[in-house]
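Novice: So I've got this file, work-v7.csv, and it contains CSV, C-alpha atoms:
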chain,number,residue,atom,x,y,z
A,286,GLN,CA,105.3,-16.7,125.6
A,287,GLN,CA,104.8,-17.7,129.2
A,288,LEU,CA,108.1,-19.4,129.3
A,289,ALA,CA,109.9,-16.4,127.9
A,290,LEU,CA,108.1,-14.2,130.5
A,291,PHE,CA,109.3,-16.3,133.4
A,292,SER,CA,112.8,-16.5,132.0
A,293,GLU,CA,113.0,-12.7,131.7
A,294,TYR,CA,111.4,-12.3,135.1
A,295,ALA,CA,114.0,-14.6,136.6
A,296,ARG,CA,116.8,-12.7,134.9
A,297,LEU,CA,115.6,-9.4,136.2
A,298,ALA,CA,115.0,-10.8,139.7
A,299,LEU,CA,118.5,-12.2,140.0
A,300,ASP,CA,120.7,-9.9,142.1
A,301,PRO,CA,123.9,-9.3,140.2
A,302,GLU,CA,125.8,-8.5,143.4
A,303,SER,CA,124.8,-11.7,145.2
A,304,ASP,CA,126.7,-14.9,145.4
A,305,GLU,CA,126.5,-16.9,142.1
A,306,ASP,CA,125.5,-20.0,144.0
A,307,VAL,CA,122.4,-18.3,145.5
A,308,LYS,CA,119.4,-18.7,143.3
A,309,PRO,CA,116.4,-16.4,143.8
A,310,PHE,CA,113.7,-19.1,143.3
A,311,GLN,CA,113.2,-22.6,144.7
A,312,ARG,CA,111.3,-24.8,142.3
A,313,MET,CA,110.0,-24.8,138.7
A,314,GLU,CA,107.5,-27.5,137.9
A,315,PHE,CA,106.3,-28.0,134.4
A,316,LEU,CA,102.9,-29.6,134.3
A,317,VAL,CA,102.3,-30.8,130.8
A,318,ARG,CA,98.8,-31.6,129.5
A,319,ASP,CA,98.0,-34.4,127.0
A,320,TRP,CA,101.4,-36.1,127.5
A,321,GLN,CA,102.1,-38.4,124.5
A,322,HIS,CA,105.5,-39.8,125.4
A,323,PHE,CA,104.5,-42.8,127.5
A,324,GLU,CA,105.6,-46.1,126.0
A,325,GLU,CA,104.6,-49.4,127.6
A,326,GLU,CA,104.6,-48.6,131.3
A,327,ASP,CA,101.2,-50.3,131.9
A,328,GLY,CA,100.3,-48.0,134.8
A,329,ASP,CA,103.7,-48.2,136.5
A,330,LEU,CA,103.9,-44.6,137.9
A,331,ASP,CA,107.5,-44.9,139.0
A,332,LEU,CA,108.6,-45.7,135.4
A,333,MET,CA,106.4,-42.9,134.1
A,334,GLU,CA,108.0,-40.3,136.4
A,335,LYS,CA,111.4,-41.6,135.4
A,336,GLU,CA,110.5,-41.0,131.8
A,337,MET,CA,109.3,-37.5,132.6
A,338,ALA,CA,112.6,-36.7,134.3
A,339,GLU,CA,114.6,-38.0,131.3
A,340,TYR,CA,112.5,-35.9,128.9
A,341,LEU,CA,113.1,-32.8,131.0
A,342,ASP,CA,116.9,-33.5,130.9
A,343,GLN,CA,116.7,-33.7,127.2
A,344,VAL,CA,114.8,-30.4,126.8
A,345,ILE,CA,117.2,-28.6,129.2
A,346,ALA,CA,120.4,-30.1,127.7
A,347,ASP,CA,122.5,-28.0,125.4
A,348,ARG,CA,121.6,-28.0,121.8
A,349,ASN,CA,123.1,-26.7,118.6
A,350,ALA,CA,120.0,-24.6,118.0
A,351,LYS,CA,120.0,-21.3,119.8
A,352,ASP,CA,116.3,-20.5,119.6
A,353,LEU,CA,115.5,-21.1,123.3
A,354,GLN,CA,119.0,-21.8,124.6
A,355,GLU,CA,119.1,-18.5,126.6
A,356,THR,CA,115.7,-19.2,128.1
A,357,ARG,CA,116.9,-22.6,129.2
A,358,GLU,CA,120.1,-21.2,130.7
A,359,GLN,CA,118.1,-18.5,132.6
A,360,ILE,CA,115.7,-21.0,134.1
A,361,VAL,CA,118.6,-23.3,135.2
A,362,ALA,CA,120.4,-20.3,136.8
A,363,CYS,CA,117.4,-19.0,138.7
A,364,TYR,CA,115.7,-22.1,140.1
A,365,LYS,CA,117.2,-24.5,142.6
A,366,THR,CA,115.3,-27.5,141.3
A,367,MET,CA,113.3,-28.2,138.2
A,368,SER,CA,110.9,-31.1,137.4
A,369,CYS,CA,108.1,-31.9,135.1
A,370,PHE,CA,105.0,-34.0,135.3
A,371,GLY,CA,102.9,-35.2,132.3
A,372,LEU,CA,99.2,-35.9,132.4
A,373,CYS,CA,97.8,-38.0,129.6
A,374,HIS,CA,94.6,-37.1,127.8
A,375,PRO,CA,91.6,-37.5,130.2
A,376,GLY,CA,89.5,-39.2,127.5
A,377,MET,CA,87.3,-38.2,124.6
A,378,GLN,CA,84.2,-38.2,126.8
A,379,VAL,CA,85.6,-35.1,128.6
A,380,VAL,CA,85.8,-33.0,125.5
A,381,LYS,CA,82.2,-33.5,124.5
A,382,LYS,CA,79.8,-30.7,125.0
A,383,LYS,CA,77.4,-32.9,127.0
A,384,TYR,CA,80.1,-33.7,129.6
A,385,LYS,CA,78.8,-32.7,133.1
A,386,GLY,CA,81.8,-33.4,135.2
A,387,ASP,CA,81.3,-37.1,135.8
A,388,VAL,CA,84.5,-38.6,137.1
A,389,ASP,CA,83.6,-42.1,136.1
A,390,VAL,CA,84.1,-41.4,132.3
A,391,ILE,CA,87.6,-40.0,132.8
A,392,GLU,CA,90.4,-42.3,131.7
A,393,GLU,CA,91.8,-44.3,134.7
A,394,GLU,CA,95.4,-43.6,133.8
A,395,PHE,CA,94.7,-39.9,133.9
A,396,LEU,CA,93.2,-40.2,137.4
A,397,LEU,CA,96.2,-42.2,138.6
A,398,LEU,CA,98.6,-39.6,137.3
A,399,LEU,CA,96.5,-36.8,138.8
A,400,ASP,CA,96.5,-38.5,142.2
A,401,ARG,CA,100.2,-39.0,142.0
A,402,PHE,CA,100.8,-35.4,141.1
A,403,CYS,CA,98.6,-34.1,144.0
A,404,GLN,CA,100.5,-36.3,146.4
A,405,ARG,CA,103.8,-35.1,144.9
A,406,VAL,CA,102.8,-31.4,145.4
A,407,PHE,CA,100.8,-31.5,148.6
A,408,HIS,CA,102.2,-34.4,150.7
A,409,ALA,CA,103.5,-33.2,154.0
A,410,ASP,CA,107.0,-34.7,153.3
A,411,ASN,CA,107.2,-32.6,150.1
A,412,LEU,CA,106.0,-29.3,151.5
A,413,GLU,CA,108.7,-26.7,152.4
A,414,THR,CA,108.7,-23.1,153.4
A,415,LYS,CA,108.4,-20.9,150.4
A,416,GLN,CA,111.3,-18.4,150.0
A,417,ILE,CA,112.2,-15.4,147.9
A,418,GLN,CA,115.8,-14.4,147.7
A,419,GLY,CA,116.6,-16.9,150.5
A,420,ARG,CA,114.0,-15.5,153.0
A,421,SER,CA,111.0,-17.4,154.1
A,422,VAL,CA,107.6,-15.9,153.1
A,423,THR,CA,104.9,-15.8,155.8
A,424,ALA,CA,101.2,-16.3,155.2
A,425,ALA,CA,100.5,-12.6,155.5
A,426,GLU,CA,103.2,-11.7,153.0
A,427,LEU,CA,101.8,-14.3,150.6
A,428,GLY,CA,98.5,-12.4,150.6
A,429,ALA,CA,100.3,-9.2,149.5
A,430,TYR,CA,101.9,-11.1,146.6
A,431,ILE,CA,98.6,-12.6,145.5
A,432,LYS,CA,96.9,-9.2,145.6
A,433,ALA,CA,99.7,-7.6,143.6
A,434,TYR,CA,99.6,-10.3,140.9
A,435,ALA,CA,95.8,-10.2,140.8
A,436,GLU,CA,95.9,-6.5,140.1
A,437,MET,CA,98.5,-7.0,137.4
A,438,PHE,CA,96.3,-9.4,135.5
A,439,ALA,CA,93.1,-7.6,136.3
A,440,SER,CA,92.7,-5.9,132.9
A,441,GLY,CA,93.1,-9.2,131.0
A,442,ALA,CA,93.7,-7.2,127.8
A,443,LYS,CA,97.3,-8.4,127.3
A,444,PHE,CA,99.9,-10.6,128.9
A,445,PRO,CA,102.1,-8.5,131.2
A,446,GLU,CA,105.7,-7.9,130.5
A,447,ALA,CA,108.4,-9.3,132.7
A,448,SER,CA,109.3,-5.9,134.0
A,449,THR,CA,105.7,-5.3,135.0
A,450,MET,CA,105.7,-8.6,136.9
A,451,LEU,CA,109.0,-7.7,138.6
A,452,GLU,CA,107.6,-4.3,139.6
A,453,ALA,CA,104.5,-6.0,141.1
A,454,THR,CA,106.7,-8.4,143.0
A,455,ALA,CA,109.0,-5.6,144.2
A,456,ALA,CA,106.0,-3.5,145.3
A,457,ALA,CA,104.5,-6.4,147.3
A,458,ASN,CA,107.9,-7.2,148.8
A,459,ASN,CA,108.4,-3.6,149.8
A,460,THR,CA,104.9,-3.5,151.3
A,461,ASN,CA,105.8,-6.6,153.4
A,462,ALA,CA,109.1,-5.2,154.5
A,463,THR,CA,107.4,-2.0,155.5
A,464,GLN,CA,104.7,-3.7,157.5
A,465,LEU,CA,107.1,-6.0,159.3
A,466,ALA,CA,109.4,-3.1,160.2
A,467,ILE,CA,106.6,-1.0,161.5
A,468,ASN,CA,105.2,-4.0,163.5
A,469,LEU,CA,108.6,-4.6,165.1
A,470,TYR,CA,108.8,-1.0,166.2
A,471,LYS,CA,105.2,-0.8,167.5
A,472,ASP,CA,105.3,-4.2,169.3
A,473,THR,CA,108.2,-3.0,171.4
A,474,MET,CA,107.1,0.5,171.9
A,475,ASN,CA,103.7,-0.7,173.0
A,476,ARG,CA,105.4,-2.5,175.9
A,477,ILE,CA,107.4,0.6,176.7
A,478,ALA,CA,104.9,3.4,176.4
A,479,GLY,CA,101.8,2.0,174.8
A,480,PRO,CA,98.2,2.6,175.7
A,481,LYS,CA,98.1,-0.2,178.2
A,482,CYS,CA,101.2,1.2,180.1
A,483,SER,CA,100.6,3.1,183.3
A,484,ASN,CA,104.1,4.4,184.3
A,485,TYR,CA,105.8,7.5,183.1
A,486,ILE,CA,109.1,7.5,181.3
A,487,ARG,CA,111.5,10.4,181.1
A,488,PRO,CA,111.4,12.0,177.6
A,489,LEU,CA,115.1,11.5,177.1
A,490,GLU,CA,114.9,7.9,178.0
A,491,LEU,CA,111.9,7.4,175.7
A,492,LYS,CA,113.8,9.1,172.8
A,493,ASP,CA,116.8,6.7,173.4
A,494,ASP,CA,114.4,3.7,173.2
A,495,HIS,CA,112.9,5.2,170.1
A,496,LYS,CA,116.3,5.7,168.3
A,497,LEU,CA,117.3,2.1,169.2
A,498,LEU,CA,114.1,0.7,167.8
A,499,VAL,CA,114.3,2.8,164.7
A,500,LYS,CA,117.7,1.2,163.9
A,501,GLN,CA,116.3,-2.3,164.5
A,502,ALA,CA,113.2,-1.6,162.4
A,503,LEU,CA,115.3,-0.3,159.5
A,504,ALA,CA,117.6,-3.2,159.8
A,505,GLU,CA,114.6,-5.5,159.5
A,506,PHE,CA,113.4,-3.6,156.5
A,507,ASP,CA,116.9,-3.7,154.8
A,508,ALA,CA,117.0,-7.5,155.3
A,509,ILE,CA,113.7,-8.0,153.5
A,510,ALA,CA,113.6,-5.3,150.9
A,511,THR,CA,116.2,-6.8,148.5
A,512,PHE,CA,113.9,-7.0,145.5
A,513,GLY,CA,113.4,-4.4,142.8
A,514,SER,CA,115.0,-1.1,141.9
A,515,LYS,CA,117.1,0.9,144.4
A,516,ARG,CA,114.7,3.8,144.0
A,517,SER,CA,111.6,1.9,144.9
A,518,ILE,CA,113.4,0.4,148.0
A,519,ASP,CA,114.6,3.9,149.1
A,520,ASP,CA,111.1,5.3,148.7
A,521,ALA,CA,109.7,2.5,150.8
A,522,ARG,CA,112.4,3.0,153.4
A,523,ASN,CA,111.6,6.7,153.6
A,524,ARG,CA,107.9,5.8,154.2
A,525,VAL,CA,109.0,3.6,157.1
A,526,LYS,CA,110.8,6.5,158.6
A,527,ALA,CA,107.8,8.8,158.2
A,528,MET,CA,105.4,6.2,159.6
A,529,ILE,CA,107.6,5.6,162.6
A,530,ALA,CA,107.9,9.3,163.2
A,531,GLU,CA,104.1,9.6,163.3
A,532,GLU,CA,103.8,6.6,165.7
A,533,PHE,CA,106.4,8.2,168.0
A,534,GLU,CA,104.4,11.4,168.3
A,535,VAL,CA,101.5,9.2,169.5
A,536,TYR,CA,103.7,7.5,172.1
A,537,GLU,CA,105.1,10.8,173.2
A,538,SER,CA,101.6,12.1,173.8
A,539,LEU,CA,100.6,9.0,175.7
A,540,ASN,CA,103.7,9.3,177.9
A,541,THR,CA,103.2,13.0,178.5
A,542,ALA,CA,99.6,12.3,179.7
A,543,ARG,CA,101.0,9.9,182.3
A,544,ASN,CA,103.4,12.6,183.7
A,545,PRO,CA,102.7,12.7,187.4
A,546,LEU,CA,103.7,16.4,187.5
A,547,ALA,CA,101.3,17.3,184.7
A,548,GLY,CA,98.0,18.9,185.7
A,549,LEU,CA,99.1,19.3,189.4
A,550,GLU,CA,98.8,23.1,189.1
A,551,MET,CA,95.0,22.8,188.9
A,552,TYR,CA,94.9,21.4,192.4
A,553,ALA,CA,98.1,22.9,193.8
A,554,ILE,CA,97.1,26.5,193.4
A,555,PRO,CA,93.8,26.2,195.4
A,556,ILE,CA,95.6,24.2,198.0
A,557,ALA,CA,98.4,26.8,198.2
A,558,VAL,CA,95.9,29.6,198.6
A,559,ALA,CA,94.0,27.7,201.3
A,560,SER,CA,97.2,26.9,203.1
A,561,LEU,CA,98.5,30.5,202.9
A,562,SER,CA,95.1,31.8,204.1
A,563,PHE,CA,95.1,29.4,207.1
A,564,ILE,CA,98.7,30.5,208.0
A,565,LEU,CA,98.0,34.2,207.7
A,566,ARG,CA,94.8,33.9,209.8
A,567,TRP,CA,96.7,32.0,212.5
A,568,ILE,CA,99.4,34.7,212.5
A,569,ALA,CA,96.7,37.4,212.7
A,570,ASP,CA,94.9,35.6,215.6
A,571,THR,CA,98.0,35.0,217.6
A,572,THR,CA,99.9,38.2,217.1
A,573,CYS,CA,97.3,41.0,216.9
A,574,SER,CA,95.3,42.5,219.6
A,575,PRO,CA,91.7,41.2,219.8
A,576,TYR,CA,90.6,44.8,219.9
A,577,SER,CA,92.3,45.7,216.5
A,578,THR,CA,89.7,46.2,213.8
A,579,ILE,CA,92.2,45.7,211.1
A,580,CYS,CA,93.4,42.4,212.4
A,581,LYS,CA,89.9,41.1,213.0
A,582,THR,CA,88.9,42.1,209.4
A,583,GLY,CA,92.0,40.4,208.0
A,584,SER,CA,91.4,37.3,210.1
A,585,ASP,CA,87.8,37.1,208.9
A,586,PHE,CA,88.9,37.6,205.3
A,587,PHE,CA,91.4,34.8,205.4
A,588,SER,CA,88.9,32.6,207.2
A,589,HIS,CA,86.3,33.1,204.5
A,590,LEU,CA,88.9,32.7,201.8
A,591,TYR,CA,90.1,29.5,203.4
A,592,ALA,CA,86.5,28.2,203.7
A,593,VAL,CA,85.6,29.0,200.1
A,594,VAL,CA,88.7,27.2,198.8
A,595,VAL,CA,88.1,24.1,201.0
A,596,THR,CA,84.4,24.1,200.0
A,597,PHE,CA,85.5,24.3,196.3
A,598,LEU,CA,87.9,21.4,196.8
A,599,LEU,CA,85.2,19.3,198.5
A,600,ILE,CA,82.8,20.0,195.6
A,601,VAL,CA,85.4,19.0,193.1
A,602,GLY,CA,86.2,15.9,195.1
A,603,LEU,CA,82.5,14.9,195.2
A,604,THR,CA,81.8,15.5,191.5
A,605,LYS,CA,85.2,14.3,190.2
A,606,ALA,CA,86.1,11.4,192.4
A,607,LYS,CA,87.9,9.6,189.6
A,608,GLN,CA,90.0,12.7,188.8
A,609,VAL,CA,90.8,13.2,192.4
A,610,LYS,CA,91.9,9.6,192.7
A,611,GLU,CA,94.2,10.1,189.7
A,612,PHE,CA,95.5,13.2,191.3
A,613,LEU,CA,96.4,11.4,194.5
A,614,TYR,CA,98.1,8.7,192.3
A,615,LYS,CA,100.0,11.4,190.4
A,616,LEU,CA,101.0,13.0,193.7
A,617,ARG,CA,102.4,9.8,195.0
A,618,SER,CA,104.1,9.1,191.7
A,619,ALA,CA,105.6,12.6,191.7
A,620,GLY,CA,107.1,11.9,195.1
A,621,GLU,CA,108.6,8.7,193.8
A,622,LEU,CA,109.9,10.5,190.7
A,623,VAL,CA,111.6,13.1,192.9
A,624,SER,CA,113.0,10.6,195.4
A,625,GLN,CA,114.4,8.3,192.6
A,626,GLY,CA,116.2,11.2,190.9
A,627,GLY,CA,113.7,11.4,188.0
A,628,LYS,CA,113.6,7.7,187.1
A,629,VAL,CA,110.4,5.7,187.1
A,630,LYS,CA,110.5,2.0,186.4
A,631,LYS,CA,109.0,1.0,183.0
A,632,ASP,CA,106.3,-1.6,182.5
Write out the structure in this file as structure tokens.
Specialist:
Amino acid sequence: QQLALFSEYARLALDPESDEDVKPFQRMEFLVRDWQHFEEEDGDLDLMEKEMAEYLDQVIADRNAKDLQETREQIVACYKTMSCFGLCHPGMQVVKKKYKGDVDVIEEEFLLLLDRFCQRVFHADNLETKQIQGRSVTAAELGAYIKAYAEMFASGAKFPEASTMLEATAAANNTNATQLAINLYKDTMNRIAGPKCSNYIRPLELKDDHKLLVKQALAEFDAIATFGSKRSIDDARNRVKAMIAEEFEVYESLNTARNPLAGLEMYAIPIAVASLSFILRWIADTTCSPYSTICKTGSDFFSHLYAVVVTFLLIVGLTKAKQVKEFLYKLRSAGELVSQGGKVKKD
């Protein structure tokens, strides 16, 4: 049943539009318990492994019987390499109810074979980057696959069908593709207009950067999301677009808040009123007769208005020193923005 499952799974996973020489999976290892085919090797592990390889060749070889021939063909077509390893029976002491896990009572030959198998699987010279459809799988992506498979077997009521296993793999692969695409977009946008940036970027320039990064992120997604139905891939791709659009709104808000011209009216209007009052008072004092009641009243009014505004600005300056500092910085940046024709260098 398990062999049929993986055969069907491999058949479904194989991309019909891909090159025939490209196989979706790397290695199939058959670990056989209670191996009974050893002859007179006398503990010679090399001879034992040779016998295992010969046995696998016999099993995979074409036969007249067609019972599992299609399964064999599917496995050969979908895995780059195949091998098998046989472990002899660990000994009768192990199967007794009173067995407590004592290694000393295990058959020596079993321990030798187990050690050989562990070295064969985990030795640094034999380890290679795991791939699916020719693309390397990262540690974070592996976690997504493990989670998907764990949920698939969670019920335990029945063995899952191959299509269910394929859907779980496709869902995990789409999740990984989505995450990597979003990370690519955010990593670059954070350097352009992220929370740690301090310089303002023109909206058109920011949108151009956004469009370029969207293309790169979708290209990254398309390169990874090659597993499963077209509908599920398209749905995941649309989710990437929607998530990027939401992220861009955040970056736009952050960039707008850094606009050196934003918020200047709060300070510009009082300063303009104070400046105008000062000028009008000066005009009234220098042009009007000192005996004119109207001129004196106007001069006093402008003087009082000027004093009230200046006092207001001083109070604001004392209570909001940080905001005033930001205002002065914005004022300087605004001057640079105007002098450079609307361009401010990005971080």
Novice: Choose the residue, out of A:Ile579, A:Ile345, A:Val388, A:Ala478, that has the smallest atom-to-atom separation from Glu490 in chain A; count all atoms listed in the file.
Specialist: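 Using all atoms listed in the file, Glu490 in chain A sits closest to A:Ala478.
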Novice: How many Å lie between CA of Ile417 in chain A and CA of Thr473 in chain A, rounded to one decimal?
Specialist: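 CA of Thr473 in chain A lies 26.9 Å from CA of Ile417 in chain A.
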Novice: If you count all atoms listed in the file, which residues fall within 7 Å of Lys365 in chain A, apart from same-chain ones fewer than 6 positions away, as a PyMOL selection string?
Specialist: chain A and resi 308+310-312
Novice: If you count only C-alpha atoms, which residues fall within 10 Å of Ile564 in chain A, apart from same-chain ones fewer than 5 positions away, as a PyMOL selection string?
Specialist: chain A and resi 558-559+569-570+587+591
Novice: At a cut-off of 8 Å, using only C-alpha atoms, what residues contact Tyr430 in chain A? Leave out same-chain residues fewer than 5 positions from it and give the result as a PyMOL selection string.
Specialist: chain A and resi 453-454+457-458
